[in-house]
$ cat my_file-v7.cif   # mmCIF, C-alpha atoms and all ligand atoms
data_entry
loop_
_atom_site.label_atom_id
_atom_site.label_comp_id
_atom_site.auth_asym_id
_atom_site.auth_seq_id
_atom_site.Cartn_x
_atom_site.Cartn_y
_atom_site.Cartn_z
CA MET J 13 27.95 1.78 16.19
CA THR J 14 25.74 4.80 15.61
CA TRP J 15 22.06 4.68 16.58
CA SER J 16 21.08 4.17 12.96
CA GLU J 17 23.53 1.29 12.44
CA ALA J 18 22.27 -0.36 15.59
CA PHE J 19 18.68 0.09 14.44
CA LEU J 20 19.35 -1.45 11.02
CA GLN J 21 21.11 -4.38 12.68
CA VAL J 22 17.98 -5.13 14.71
CA LEU J 23 15.91 -5.06 11.50
CA LYS J 24 18.30 -7.60 9.98
CA ASP J 25 18.23 -9.76 13.09
CA ASN J 26 14.46 -9.94 12.63
CA ASP J 27 14.52 -10.70 8.90
CA VAL J 28 12.94 -7.36 8.00
CA ARG J 29 13.93 -6.97 4.35
CA LEU J 30 11.80 -4.21 2.87
CA ALA J 31 11.53 -0.55 3.85
CA ALA J 32 8.89 1.77 2.42
CA TYR J 33 9.36 5.42 3.28
CA VAL J 34 8.84 9.05 2.52
CA PRO J 35 12.14 10.86 3.12
CA ASP J 36 12.91 12.92 6.19
CA ASN J 37 16.06 14.70 7.30
CA VAL J 38 16.44 12.85 10.63
CA LEU J 39 15.83 9.51 8.91
CA THR J 40 18.63 10.12 6.41
CA PRO J 41 21.20 7.82 8.06
CA LEU J 42 18.64 5.00 8.20
CA LEU J 43 17.56 5.57 4.60
CA THR J 44 21.14 5.78 3.36
CA GLY J 45 21.95 2.58 5.23
CA ILE J 46 18.99 0.82 3.66
CA THR J 47 19.46 1.97 0.09
CA SER J 48 23.19 1.19 0.14
CA ASP J 49 22.77 -2.35 1.50
CA ASN J 50 21.67 -5.17 -0.82
CA TYR J 51 20.06 -6.94 2.13
CA PHE J 52 17.19 -4.46 1.94
CA ARG J 53 14.67 -3.65 -0.77
CA SER J 54 13.33 -0.16 -0.55
CA VAL J 55 10.31 1.68 -1.89
CA CYS J 56 10.41 5.46 -1.80
CA ALA J 57 6.67 6.16 -1.75
CA THR J 58 4.96 9.41 -2.68
CA ARG J 59 2.76 9.41 0.43
CA GLU J 60 2.91 7.65 3.77
CA ASP J 61 -0.44 5.87 3.30
CA GLU J 62 0.93 4.44 0.06
CA ALA J 63 3.88 3.11 2.08
CA ILE J 64 1.45 1.51 4.55
CA GLY J 65 -0.32 -0.21 1.64
CA VAL J 66 2.99 -1.54 0.30
CA VAL J 67 4.10 -3.06 3.62
CA ALA J 68 0.63 -4.49 4.23
CA GLY J 69 0.77 -6.26 0.88
CA ALA J 70 4.35 -7.37 1.45
CA TRP J 71 3.50 -8.89 4.82
CA MET J 72 0.54 -10.78 3.39
CA GLY J 73 2.91 -12.06 0.71
CA GLY J 74 5.37 -13.27 3.33
CA LEU J 75 7.93 -10.44 3.34
CA ARG J 76 8.61 -8.58 6.59
CA SER J 77 8.91 -4.87 6.21
CA VAL J 78 9.01 -1.51 7.91
CA VAL J 79 7.57 1.95 7.17
CA MET J 80 9.60 5.08 7.84
CA MET J 81 8.18 8.61 8.00
CA GLN J 82 8.27 11.84 9.97
CA THR J 83 5.50 12.95 12.33
CA SER J 84 3.64 14.94 9.68
CA GLY J 85 3.55 11.78 7.53
CA PHE J 86 1.89 9.93 10.35
CA ALA J 87 -0.96 12.41 10.10
CA LEU J 88 -1.70 11.08 6.59
CA ILE J 89 -2.16 7.45 7.59
CA ALA J 90 -4.98 7.31 10.15
CA ASN J 91 -7.40 5.93 7.55
CA ALA J 92 -4.97 3.29 6.28
CA LEU J 93 -4.39 2.11 9.84
CA ALA J 94 -8.04 2.22 10.91
CA SER J 95 -9.57 0.70 7.79
CA LEU J 96 -6.81 -1.67 6.63
CA THR J 97 -4.04 -2.79 8.94
CA VAL J 98 -5.76 -2.73 12.35
CA PRO J 99 -9.02 -4.52 11.43
CA SER J 100 -7.15 -6.94 9.13
CA GLN J 101 -4.63 -7.75 11.89
CA ILE J 102 -1.73 -6.86 9.64
CA PRO J 103 1.34 -6.00 11.74
CA CYS J 104 2.85 -2.77 10.58
CA VAL J 105 6.22 -1.72 12.01
CA MET J 106 6.43 2.06 11.89
CA VAL J 107 9.49 4.20 12.47
CA ILE J 108 8.55 7.84 13.00
CA SER J 109 11.13 10.57 13.44
CA GLU J 110 9.73 12.98 15.97
CA ARG J 111 9.38 16.57 14.89
CA GLY J 112 7.44 19.20 16.81
CA THR J 113 9.24 18.90 20.11
CA MET J 114 12.46 19.95 21.88
CA GLY J 115 13.25 22.95 19.78
CA GLU J 116 10.81 22.84 16.86
CA PHE J 117 10.87 25.99 14.73
CA ASN J 118 7.84 25.20 12.55
CA VAL J 119 4.45 25.75 14.17
CA GLY J 120 2.75 23.34 11.73
CA GLN J 121 5.10 20.54 12.78
CA HIS J 122 4.42 21.32 16.42
CA LEU J 123 0.65 21.05 16.02
CA VAL J 124 0.64 17.96 13.84
CA ALA J 125 2.97 16.15 16.24
CA ARG J 126 0.39 16.56 18.98
CA THR J 127 -2.10 14.46 16.98
CA MET J 128 0.22 11.43 16.80
CA ARG J 129 0.11 9.75 20.20
CA PRO J 130 -3.66 10.26 20.66
CA VAL J 131 -4.28 8.56 17.29
CA LEU J 132 -1.97 5.67 18.18
CA ASP J 133 -3.67 5.30 21.56
CA THR J 134 -7.16 5.49 20.08
CA LEU J 135 -6.33 2.71 17.63
CA GLY J 136 -4.71 0.62 20.35
CA ILE J 137 -1.33 0.62 18.59
CA ALA J 138 1.68 0.10 20.86
CA HIS J 139 4.25 2.87 20.67
CA HIS J 140 7.68 3.36 22.16
CA THR J 141 9.54 6.65 22.26
CA LEU J 142 13.21 5.80 21.74
CA THR J 143 15.44 8.17 23.67
CA ASP J 144 18.79 6.45 24.16
CA GLU J 145 21.09 4.06 22.37
CA ALA J 146 21.53 1.79 25.36
CA THR J 147 17.91 0.64 25.61
CA MET J 148 16.94 1.04 21.95
CA PRO J 149 18.08 -2.34 20.56
CA PHE J 150 16.24 -4.28 23.27
CA ILE J 151 13.03 -2.30 22.88
CA VAL J 152 13.06 -2.52 19.09
CA ASP J 153 14.03 -6.18 18.90
CA ARG J 154 11.43 -7.36 21.40
CA SER J 155 8.69 -5.13 20.03
CA ILE J 156 9.21 -6.21 16.42
CA LYS J 157 9.02 -9.83 17.53
CA GLN J 158 5.86 -9.07 19.49
CA ALA J 159 4.30 -7.27 16.52
CA PHE J 160 4.80 -10.21 14.18
CA MET J 161 3.83 -12.84 16.76
CA THR J 162 0.65 -11.04 17.80
CA GLN J 163 -0.21 -9.57 14.38
CA ALA J 164 -0.43 -6.11 15.93
CA SER J 165 1.31 -2.95 14.76
CA VAL J 166 3.99 -1.07 16.64
CA ALA J 167 5.33 2.48 16.29
CA PHE J 168 8.85 3.52 17.21
CA ILE J 169 9.05 7.26 17.76
CA LEU J 170 12.62 8.49 17.32
CA SER J 171 13.09 11.25 19.90
CA PRO J 172 15.58 14.09 19.35
CA LEU J 173 17.25 12.70 22.49
CA LEU J 174 18.26 9.69 20.38
CA THR J 175 18.81 11.26 16.98
CA GLY J 176 20.05 14.74 17.91
CA GLY J 177 17.00 16.21 16.17
CA ASN J 178 16.56 17.87 12.83
CA PRO J 179 19.90 19.31 11.61
CA ALA J 180 18.12 22.23 9.91
CA GLY J 181 16.28 22.96 13.15
CA ASN J 182 19.47 22.82 15.19
CA ALA J 183 21.06 25.46 13.00
CA LYS J 184 18.03 27.71 13.53
CA LEU J 185 18.16 27.20 17.30
CA LYS J 186 21.77 28.38 17.35
CA SER J 187 20.92 31.61 15.58
CA ALA J 188 17.82 32.11 17.82
CA GLY J 189 19.92 31.71 20.96
CA MET C 2 -2.60 14.30 -24.76
CA ALA C 3 -5.46 11.92 -25.55
CA THR C 4 -4.54 8.25 -25.79
CA GLU C 5 -6.28 5.66 -27.99
CA PRO C 6 -9.95 5.80 -29.05
CA LEU C 7 -12.31 4.81 -26.28
CA ALA C 8 -14.82 2.00 -26.28
CA PRO C 9 -17.67 2.65 -28.74
CA VAL C 10 -20.03 1.34 -26.07
CA ARG C 11 -19.63 1.31 -22.33
CA LEU C 12 -18.43 -2.01 -20.98
CA ASN C 13 -19.60 -3.60 -17.71
CA ARG C 14 -17.41 -4.23 -14.67
CA ALA C 15 -19.13 -7.46 -13.54
CA ILE C 16 -18.82 -8.98 -17.02
CA LEU C 17 -15.19 -7.93 -17.47
CA THR C 18 -14.28 -9.13 -13.97
CA LYS C 19 -15.71 -12.57 -14.79
CA ARG C 20 -13.71 -12.63 -18.02
CA LEU C 21 -10.57 -11.74 -16.06
CA VAL C 22 -11.15 -14.42 -13.42
CA ALA C 23 -11.70 -17.01 -16.17
CA LYS C 24 -8.14 -16.33 -17.36
CA LEU C 25 -6.50 -16.71 -13.95
CA ASP C 26 -4.57 -19.53 -12.41
CA ARG C 27 -2.67 -18.74 -9.18
CA GLU C 28 -2.48 -14.96 -9.66
CA ALA C 29 -3.19 -12.73 -6.67
CA VAL C 30 -5.91 -10.13 -7.16
CA VAL C 31 -6.24 -7.06 -4.90
CA ALA C 32 -9.57 -5.32 -5.43
CA GLY C 33 -10.40 -1.77 -4.33
CA ILE C 34 -13.17 -0.36 -2.17
CA GLY C 35 -16.84 -0.93 -2.96
CA ASN C 36 -18.09 -2.09 -6.34
CA THR C 37 -14.63 -3.13 -7.50
CA ASN C 38 -14.20 -5.83 -4.86
CA TRP C 39 -17.88 -6.74 -4.82
CA ASP C 40 -17.70 -7.68 -8.48
CA LEU C 41 -14.53 -9.69 -7.84
CA PHE C 42 -16.36 -11.58 -5.10
CA GLY C 43 -19.36 -11.89 -7.43
CA ALA C 44 -17.18 -13.53 -10.06
CA GLY C 45 -16.62 -16.42 -7.63
CA HIS C 46 -14.36 -16.39 -4.59
CA ARG C 47 -10.78 -17.53 -5.12
CA PRO C 48 -8.27 -18.00 -2.29
CA GLU C 49 -5.88 -15.57 -3.98
CA ASN C 50 -8.35 -12.65 -3.76
CA PHE C 51 -7.96 -9.72 -1.37
CA TYR C 52 -11.06 -7.58 -0.91
CA MET C 53 -10.58 -4.06 0.42
CA LEU C 54 -13.32 -2.97 2.77
CA GLY C 55 -11.80 0.49 3.24
CA SER C 56 -8.45 2.22 2.62
CA MET C 57 -9.73 3.89 -0.55
CA GLY C 58 -6.96 4.23 -3.13
CA LEU C 59 -4.59 1.61 -1.75
CA ALA C 60 -5.28 -1.32 -4.11
CA CYS C 61 -2.18 -0.58 -6.22
CA PRO C 62 0.19 -0.04 -3.27
CA ILE C 63 -1.02 -3.26 -1.62
CA ALA C 64 -0.63 -5.14 -4.91
CA LEU C 65 2.87 -3.67 -5.28
CA GLY C 66 3.77 -5.04 -1.85
CA VAL C 67 2.49 -8.50 -2.78
CA ALA C 68 4.36 -8.32 -6.10
CA LEU C 69 7.63 -7.49 -4.32
CA ALA C 70 7.11 -10.26 -1.77
CA GLN C 71 6.28 -12.91 -4.37
CA PRO C 72 8.14 -12.01 -7.56
CA GLU C 73 7.24 -15.32 -9.26
CA ARG C 74 3.49 -14.73 -8.91
CA GLY C 75 1.41 -12.49 -11.16
CA VAL C 76 -0.40 -9.82 -9.14
CA ILE C 77 -3.37 -7.81 -10.39
CA ALA C 78 -4.76 -4.63 -8.83
CA LEU C 79 -8.37 -3.69 -9.61
CA GLU C 80 -9.30 -0.11 -8.82
CA GLY C 81 -12.08 2.40 -9.55
CA ASP C 82 -11.36 5.72 -11.26
CA GLY C 83 -12.28 7.72 -8.16
CA SER C 84 -9.95 5.55 -6.10
CA ILE C 85 -6.97 5.79 -8.43
CA LEU C 86 -7.47 9.56 -8.65
CA MET C 87 -6.99 9.65 -4.87
CA SER C 88 -3.61 7.91 -5.23
CA LEU C 89 -2.08 9.06 -8.50
CA GLY C 90 1.33 9.20 -6.82
CA CYS C 91 1.45 5.41 -6.59
CA LEU C 92 1.55 5.24 -10.40
CA ALA C 93 4.83 7.15 -10.30
CA THR C 94 6.18 4.77 -7.66
CA ILE C 95 5.15 1.76 -9.75
CA GLY C 96 6.57 3.36 -12.89
CA LYS C 97 9.90 3.80 -11.12
CA ILE C 98 10.07 0.27 -9.68
CA ALA C 99 8.52 -1.32 -12.79
CA PRO C 100 7.59 -4.69 -11.25
CA ARG C 101 7.34 -7.22 -14.06
CA ASN C 102 4.63 -9.20 -12.27
CA LEU C 103 2.15 -6.36 -11.71
CA THR C 104 -0.97 -5.54 -13.72
CA ILE C 105 -3.30 -2.65 -12.91
CA ILE C 106 -6.87 -2.51 -14.20
CA VAL C 107 -8.95 0.62 -13.67
CA TRP C 108 -12.74 0.51 -14.02
CA ASP C 109 -13.54 3.98 -15.28
CA ASN C 110 -17.23 4.80 -14.91
CA GLY C 111 -16.45 8.53 -14.63
CA LEU C 112 -18.24 8.43 -11.29
CA TYR C 113 -17.95 8.05 -7.60
CA GLN C 114 -20.75 5.56 -8.20
CA ILE C 115 -21.16 4.22 -4.71
CA THR C 116 -21.42 7.58 -2.95
CA GLY C 117 -24.18 8.90 -5.20
CA LYS C 118 -22.83 9.02 -8.75
CA GLN C 119 -20.93 12.28 -8.44
CA PRO C 120 -18.79 12.75 -11.59
CA THR C 121 -15.02 12.22 -11.35
CA ALA C 122 -12.37 14.10 -13.31
CA THR C 123 -12.11 11.16 -15.75
CA ALA C 124 -15.66 11.97 -16.91
CA GLY C 125 -14.23 15.10 -18.48
CA SER C 126 -10.73 16.44 -18.52
CA THR C 127 -8.57 13.58 -17.22
CA ASP C 128 -7.40 10.70 -19.43
CA ILE C 129 -6.28 8.07 -16.92
CA VAL C 130 -4.34 6.04 -19.50
CA ALA C 131 -2.38 9.15 -20.44
CA VAL C 132 -1.77 9.77 -16.73
CA ALA C 133 -0.36 6.26 -16.29
CA LYS C 134 1.93 6.65 -19.31
CA ALA C 135 3.16 10.02 -18.10
CA ALA C 136 3.75 8.55 -14.63
CA GLY C 137 6.19 6.06 -16.14
CA ILE C 138 4.12 3.02 -17.12
CA PRO C 139 4.55 2.99 -20.92
CA ASN C 140 2.45 -0.14 -21.44
CA ALA C 141 -0.87 1.56 -20.68
CA GLN C 142 -3.92 0.99 -22.86
CA TRP C 143 -7.65 1.48 -23.12
CA VAL C 144 -9.78 -1.65 -23.27
CA ARG C 145 -12.05 -1.20 -26.30
CA THR C 146 -14.29 -4.28 -26.31
CA GLU C 147 -14.76 -7.50 -24.35
CA ALA C 148 -12.83 -9.38 -27.03
CA HIS C 149 -10.05 -6.80 -26.84
CA PHE C 150 -9.94 -7.30 -23.04
CA ASP C 151 -9.55 -11.06 -23.52
CA GLN C 152 -6.77 -10.43 -26.00
CA LEU C 153 -4.98 -8.00 -23.66
CA LEU C 154 -5.16 -10.60 -20.89
CA SER C 155 -3.73 -13.43 -22.99
CA ARG C 156 -0.32 -12.92 -21.51
CA ARG C 157 2.02 -14.02 -18.79
CA PHE C 158 0.93 -12.12 -15.71
CA ALA C 159 4.11 -13.13 -13.87
CA ASP C 160 6.70 -11.48 -16.09
CA ASP C 161 5.13 -9.28 -18.74
CA GLY C 162 4.46 -6.13 -16.76
CA PRO C 163 3.92 -3.64 -15.48
CA LEU C 164 0.78 -3.31 -17.54
CA PHE C 165 -1.93 -0.68 -17.00
CA LEU C 166 -5.40 -1.17 -18.50
CA ALA C 167 -8.46 1.03 -18.15
CA ALA C 168 -11.97 0.34 -19.35
CA LYS C 169 -14.80 2.84 -19.79
CA ILE C 170 -17.66 1.12 -18.00
CA ASP C 171 -21.33 1.78 -17.34
CA ASP C 172 -22.78 3.09 -14.08
CA LYS C 173 -24.10 -0.23 -12.74
CA PRO C 174 -23.34 -1.00 -9.09
CA GLY C 175 -21.94 -4.37 -8.06
CA PRO C 176 -24.91 -6.67 -7.40
CA VAL C 177 -23.43 -8.73 -4.53
CA GLN C 178 -21.46 -7.52 -1.54
CA THR C 179 -18.36 -9.13 -0.06
CA PRO C 180 -18.69 -10.40 3.55
CA ARG C 181 -17.32 -7.70 5.85
CA ASP C 182 -14.77 -9.60 7.91
CA PRO C 183 -11.32 -8.07 7.29
CA ALA C 184 -9.35 -10.51 9.46
CA LEU C 185 -10.96 -13.50 7.72
CA ILE C 186 -10.32 -11.96 4.30
CA ARG C 187 -6.66 -11.39 5.22
CA ASN C 188 -6.24 -14.90 6.57
CA ARG C 189 -7.76 -16.54 3.47
CA PHE C 190 -5.64 -14.38 1.19
CA MET C 191 -2.45 -15.40 3.01
CA LYS C 192 -3.55 -19.01 2.80
CA GLY C 193 -4.11 -18.52 -0.92
CA LEU C 194 -0.59 -17.14 -1.21
CA GLY C 195 0.86 -20.02 0.81
CA VAL C 196 2.18 -17.79 3.58
CA GLY C 197 2.88 -18.82 7.17
CA ASN C 198 0.36 -20.94 8.99
CA ALA C 199 -2.69 -19.24 7.50
CA GLY C 200 -5.38 -21.87 7.05
CA ALA C 201 -3.77 -24.23 9.58
CA LEU C 202 -7.08 -24.55 11.44
CA ASP C 203 -9.22 -25.27 8.37
C1 LIG A 301 -10.54 8.33 2.24
C2 LIG A 301 -11.96 8.17 1.81
N1 LIG A 301 -12.62 9.18 1.23
C3 LIG A 301 -13.88 9.00 0.81
C4 LIG A 301 -14.52 7.81 0.99
C5 LIG A 301 -15.95 7.62 0.52
N2 LIG A 301 -15.98 6.76 -0.68
C6 LIG A 301 -16.14 5.43 -0.59
S1 LIG A 301 -16.17 4.68 -2.06
C7 LIG A 301 -16.00 6.16 -2.86
C8 LIG A 301 -16.04 6.26 -4.35
C9 LIG A 301 -15.17 5.31 -5.03
O1 LIG A 301 -15.17 5.64 -6.38
P1 LIG A 301 -14.59 4.69 -7.48
O2 LIG A 301 -13.30 4.15 -7.01
O3 LIG A 301 -14.61 5.39 -8.79
O4 LIG A 301 -15.60 3.46 -7.48
P2 LIG A 301 -17.16 3.40 -7.90
O5 LIG A 301 -17.94 3.70 -6.68
O6 LIG A 301 -17.38 4.40 -9.00
O7 LIG A 301 -17.35 1.99 -8.35
C10 LIG A 301 -15.88 7.22 -1.96
C11 LIG A 301 -15.71 8.64 -2.33
C12 LIG A 301 -13.78 6.77 1.61
N3 LIG A 301 -14.30 5.55 1.82
N4 LIG A 301 -12.52 6.97 2.01
#

$ encode --input "my_file-v7.cif" --output "structure tokens"
Amino acid sequence: MTWSEAFLQVLKDNDVRLAAYVPDNVLTPLLTGITSDNYFRSVCATREDEAIGVVAGAWMGGLRSVVMMQTSGFALIANALASLTVPSQIPCVMVISERGTMGEFNVGQHLVARTMRPVLDTLGIAHHTLTDEATMPFIVDRSIKQAFMTQASVAFILSPLLTGGNPAGNAKLKSAG
Amino acid sequence: MATEPLAPVRLNRAILTKRLVAKLDREAVVAGIGNTNWDLFGAGHRPENFYMLGSMGLACPIALGVALAQPERGVIALEGDGSILMSLGCLATIGKIAPRNLTIIVWDNGLYQITGKQPTATAGSTDIVAVAKAAGIPNAQWVRTEAHFDQLLSRRFADDGPLFLAAKIDDKPGPVQTPRDPALIRNRFMKGLGVGNAGALD
């Protein structure tokens, strides 16, 4: 099983049936898996805060869901987290592919990535940086269960160590080296 | 690309909200920041109401999520013009998904009323009904009178959508404010939707 297949299996094991996302290169195997599997409903949102709104509504309506975005998308959602999901105690499961580190070529991505963990910490949102396939299913499974049981959000940060990083970036690194 | 003729006189959000609520049975209503949710609360609390205390612009995305989770239930999003202008992209998402159980109503006072009556783009150049149509929601209409509003709402909310309505309203603020307790609001809404163990301690 690839990391993305293993990840989607954990979502299924936890009855997570809806994914709202804004596309990202590293997320492609997850997104392809979701859109090609009738188990999942998917909403390709125009902005990440819109995706947060959709999963918040879905959860209140009884449907478990997940939001997928890249690090720069996370920078658009501080207000949705701080003024909707956190004070309302709506558990939001976030999957964030980590740009800005381990060979980033885009200075904007590098800077915006540095805002992510401080915002998560400030809002008291649990976050786990997923670095290897061996521990990932356990971390994700237990943390999703905890999020829904405690009505508290969780963020899974997909490290390049797990995903191999951004394919476009990897090509650039080769030519730089 | 102007759409239909506008209301000859400005309508009033509190009055129209009461007329909407009078038509409802078990429909969920998600109401946007400020005046929009205050007037929903002012029309008489219902367990199926969700009042947004922040997250400006997210009434339609939240309503879309509820509509996907409960496809048999009609879901109505109420939003101000300033708020929908912040989130125009969600109209494209809704146009693409076309949920049959979703209705969007925009209260268009041409103002950011609550922050000091600064004019919005809909006061001049932007026709929000035309925007909704162009975003992929063909059933988008202006509300012309109170009677016209009643007529537009004489429908099956659960399977006749998506429908987008906008009303040109006056500049009156909402007279009563919703209690500011987001966790309580969320719990009561989930109870109203029959989800989980919400309300188990009532
Ligand atoms: C992200 C964000 N930006 C700005 C504000 C400040 N704000 C609160 S309500 C509001 C105006 C809302 O306008 P509209 O939706 O047209 O409703 P009205 O006040 O006219 O009833 C603004 C700008 C905010 N709460 N959040």

$ residues_near_ligand --input "my_file-v7.cif" --ligand "ligand LIG 301 (chain A)" --cutoff "9 Å" --atoms "only C-alpha atoms and all ligand atoms" --output "PyMOL selection string"
(chain J and resi 91-92) or (chain C and resi 14+33-37+54-58+80-87+107-121+172-175)

$ closest_atom_pairs --input "my_file-v7.cif" --of "chain J" --to "chain C" --cutoff "8 Å" --atoms "only C-alpha atoms" --output "JSON lines"
{"residue": "J:Val55", "atom": "CA", "partner": "C:Thr94", "partner_atom": "CA", "distance": 7.7}
{"residue": "J:Cys56", "atom": "CA", "partner": "C:Thr94", "partner_atom": "CA", "distance": 7.3}
{"residue": "J:Ala57", "atom": "CA", "partner": "C:Thr94", "partner_atom": "CA", "distance": 6.1}
{"residue": "J:Thr58", "atom": "CA", "partner": "C:Gly90", "partner_atom": "CA", "distance": 5.5}
{"residue": "J:Arg59", "atom": "CA", "partner": "C:Gly90", "partner_atom": "CA", "distance": 7.4}
{"residue": "J:Asp61", "atom": "CA", "partner": "C:Leu59", "partner_atom": "CA", "distance": 7.8}
{"residue": "J:Glu62", "atom": "CA", "partner": "C:Pro62", "partner_atom": "CA", "distance": 5.6}
{"residue": "J:Ala63", "atom": "CA", "partner": "C:Pro62", "partner_atom": "CA", "distance": 7.2}
{"residue": "J:Gly65", "atom": "CA", "partner": "C:Ile63", "partner_atom": "CA", "distance": 4.5}
{"residue": "J:Val66", "atom": "CA", "partner": "C:Gly66", "partner_atom": "CA", "distance": 4.2}
{"residue": "J:Val67", "atom": "CA", "partner": "C:Gly66", "partner_atom": "CA", "distance": 5.8}
{"residue": "J:Ala68", "atom": "CA", "partner": "C:Ile63", "partner_atom": "CA", "distance": 6.2}
{"residue": "J:Gly69", "atom": "CA", "partner": "C:Gly66", "partner_atom": "CA", "distance": 4.2}
{"residue": "J:Ala70", "atom": "CA", "partner": "C:Gly66", "partner_atom": "CA", "distance": 4.1}
{"residue": "J:Trp71", "atom": "CA", "partner": "C:Ala70", "partner_atom": "CA", "distance": 7.6}
{"residue": "J:Met72", "atom": "CA", "partner": "C:Met191", "partner_atom": "CA", "distance": 5.5}
{"residue": "J:Gly73", "atom": "CA", "partner": "C:Val67", "partner_atom": "CA", "distance": 5.0}
{"residue": "J:Gly74", "atom": "CA", "partner": "C:Val196", "partner_atom": "CA", "distance": 5.5}
{"residue": "J:Leu75", "atom": "CA", "partner": "C:Ala70", "partner_atom": "CA", "distance": 5.2}
{"residue": "J:Asn91", "atom": "CA", "partner": "C:Ser56", "partner_atom": "CA", "distance": 6.3}
{"residue": "J:Ala92", "atom": "CA", "partner": "C:Ser56", "partner_atom": "CA", "distance": 5.2}
{"residue": "J:Ser95", "atom": "CA", "partner": "C:Gly55", "partner_atom": "CA", "distance": 5.1}
{"residue": "J:Leu96", "atom": "CA", "partner": "C:Ser56", "partner_atom": "CA", "distance": 5.8}
{"residue": "J:Pro99", "atom": "CA", "partner": "C:Pro183", "partner_atom": "CA", "distance": 5.9}
{"residue": "J:Ser100", "atom": "CA", "partner": "C:Ala184", "partner_atom": "CA", "distance": 4.2}
{"residue": "J:Gln101", "atom": "CA", "partner": "C:Ala184", "partner_atom": "CA", "distance": 6.0}

$ residues_around --input "my_file-v7.cif" --residues "Arg53 (chain J)" --least-positions-apart "2" --cutoff "8 Å" --atoms "all atoms listed in the file" --output "PDB file with C-alpha atoms, in the frame of the given file"
ATOM      1  CA  ARG J  29      13.930  -6.970   4.350  1.00  0.00           C
ATOM      2  CA  LEU J  30      11.800  -4.210   2.870  1.00  0.00           C
ATOM      3  CA  ALA J  31      11.530  -0.550   3.850  1.00  0.00           C
ATOM      4  CA  ILE J  46      18.990   0.820   3.660  1.00  0.00           C
ATOM      5  CA  THR J  47      19.460   1.970   0.090  1.00  0.00           C
ATOM      6  CA  ASN J  50      21.670  -5.170  -0.820  1.00  0.00           C
ATOM      7  CA  TYR J  51      20.060  -6.940   2.130  1.00  0.00           C
ATOM      8  CA  VAL J  55      10.310   1.680  -1.890  1.00  0.00           C
TER       9      VAL J  55
END

$ closest_residue --input "my_file-v7.cif" --among "J:Ser77, J:Leu88, J:His140, J:Thr175" --to "Asn26 (chain J)" --atoms "only C-alpha atoms"
J:Ser77

$ closest_atom_pairs --input "my_file-v7.cif" --of "region 130-184 of chain J" --to "region 113-118 of chain J" --cutoff "9 Å" --atoms "all atoms listed in the file" --output "CSV"
residue,atom,partner,partner_atom,distance
J:Ser171,CA,J:Thr113,CA,8.6
J:Pro172,CA,J:Met114,CA,7.1
J:Leu173,CA,J:Met114,CA,8.7
J:Gly177,CA,J:Met114,CA,8.2
J:Asn178,CA,J:Glu116,CA,8.6
J:Gly181,CA,J:Phe117,CA,6.4
J:Asn182,CA,J:Gly115,CA,7.7
J:Lys184,CA,J:Phe117,CA,7.5

$ closest_residue --input "my_file-v7.cif" --among "J:His139, J:Val152, J:Leu39, J:Arg76" --to "Phe52 (chain J)" --atoms "all atoms listed in the file"
J:Arg76

$ closest_residue --input "my_file-v7.cif" --among "C:Leu153, C:Ala168, C:Leu202, C:Leu103" --to "Asp128 (chain C)" --atoms "only C-alpha atoms"
C:Ala168

$ residues_around --input "my_file-v7.cif" --residues "Leu164 (chain C)" --least-positions-apart "3" --cutoff "7 Å" --atoms "all atoms listed in the file" --output "number ranges by chain"
C: 103-105, 140-141

$ closest_residue --input "my_file-v7.cif" --among "C:Asn198, C:Thr179, C:Gln142, C:Thr4" --to "Asn38 (chain C)" --atoms "only C-alpha atoms"
C:Thr179

$ atom_distance --input "my_file-v7.cif" --atom1 "CA of Lys134 (chain C)" --atom2 "CA of Arg11 (chain C)"
22.4 Å

$ closest_residue --input "my_file-v7.cif" --among "J:Ile64, J:Pro179, J:Ala146, J:Lys157" --to "Val98 (chain J)" --atoms "all atoms listed in the file"
J:Ile64

$ atom_distance --input "my_file-v7.cif" --atom1 "CA of Ala167 (chain J)" --atom2 "CA of Cys104 (chain J)"
8.1 Å

$ residues_near_point --input "my_file-v7.cif" --point "(-17.7, -6.8, -17.8)" --cutoff "10 Å" --atoms "all atoms listed in the file" --output "list of chain:residue names"
C:Arg11, C:Leu12, C:Asn13, C:Arg14, C:Ala15, C:Ile16, C:Leu17, C:Thr18, C:Lys19, C:Arg20, C:Leu21, C:Asp40, C:Trp108, C:Thr146, C:Glu147, C:Phe150, C:Ala168, C:Ile170, C:Asp171

$ write_last_selection --input "my_file-v7.cif" --atoms "C-alpha atoms" --output "mmCIF file, in the frame of the given file"
data_model
loop_
_atom_site.group_PDB
_atom_site.id
_atom_site.type_symbol
_atom_site.label_atom_id
_atom_site.label_comp_id
_atom_site.auth_asym_id
_atom_site.auth_seq_id
_atom_site.Cartn_x
_atom_site.Cartn_y
_atom_site.Cartn_z
ATOM 1 C CA ARG C 11 -19.630 1.310 -22.330
ATOM 2 C CA LEU C 12 -18.430 -2.010 -20.980
ATOM 3 C CA ASN C 13 -19.600 -3.600 -17.710
ATOM 4 C CA ARG C 14 -17.410 -4.230 -14.670
ATOM 5 C CA ALA C 15 -19.130 -7.460 -13.540
ATOM 6 C CA ILE C 16 -18.820 -8.980 -17.020
ATOM 7 C CA LEU C 17 -15.190 -7.930 -17.470
ATOM 8 C CA THR C 18 -14.280 -9.130 -13.970
ATOM 9 C CA LYS C 19 -15.710 -12.570 -14.790
ATOM 10 C CA ARG C 20 -13.710 -12.630 -18.020
ATOM 11 C CA LEU C 21 -10.570 -11.740 -16.060
ATOM 12 C CA ASP C 40 -17.700 -7.680 -8.480
ATOM 13 C CA TRP C 108 -12.740 0.510 -14.020
ATOM 14 C CA THR C 146 -14.290 -4.280 -26.310
ATOM 15 C CA GLU C 147 -14.760 -7.500 -24.350
ATOM 16 C CA PHE C 150 -9.940 -7.300 -23.040
ATOM 17 C CA ALA C 168 -11.970 0.340 -19.350
ATOM 18 C CA ILE C 170 -17.660 1.120 -18.000
ATOM 19 C CA ASP C 171 -21.330 1.780 -17.340
#
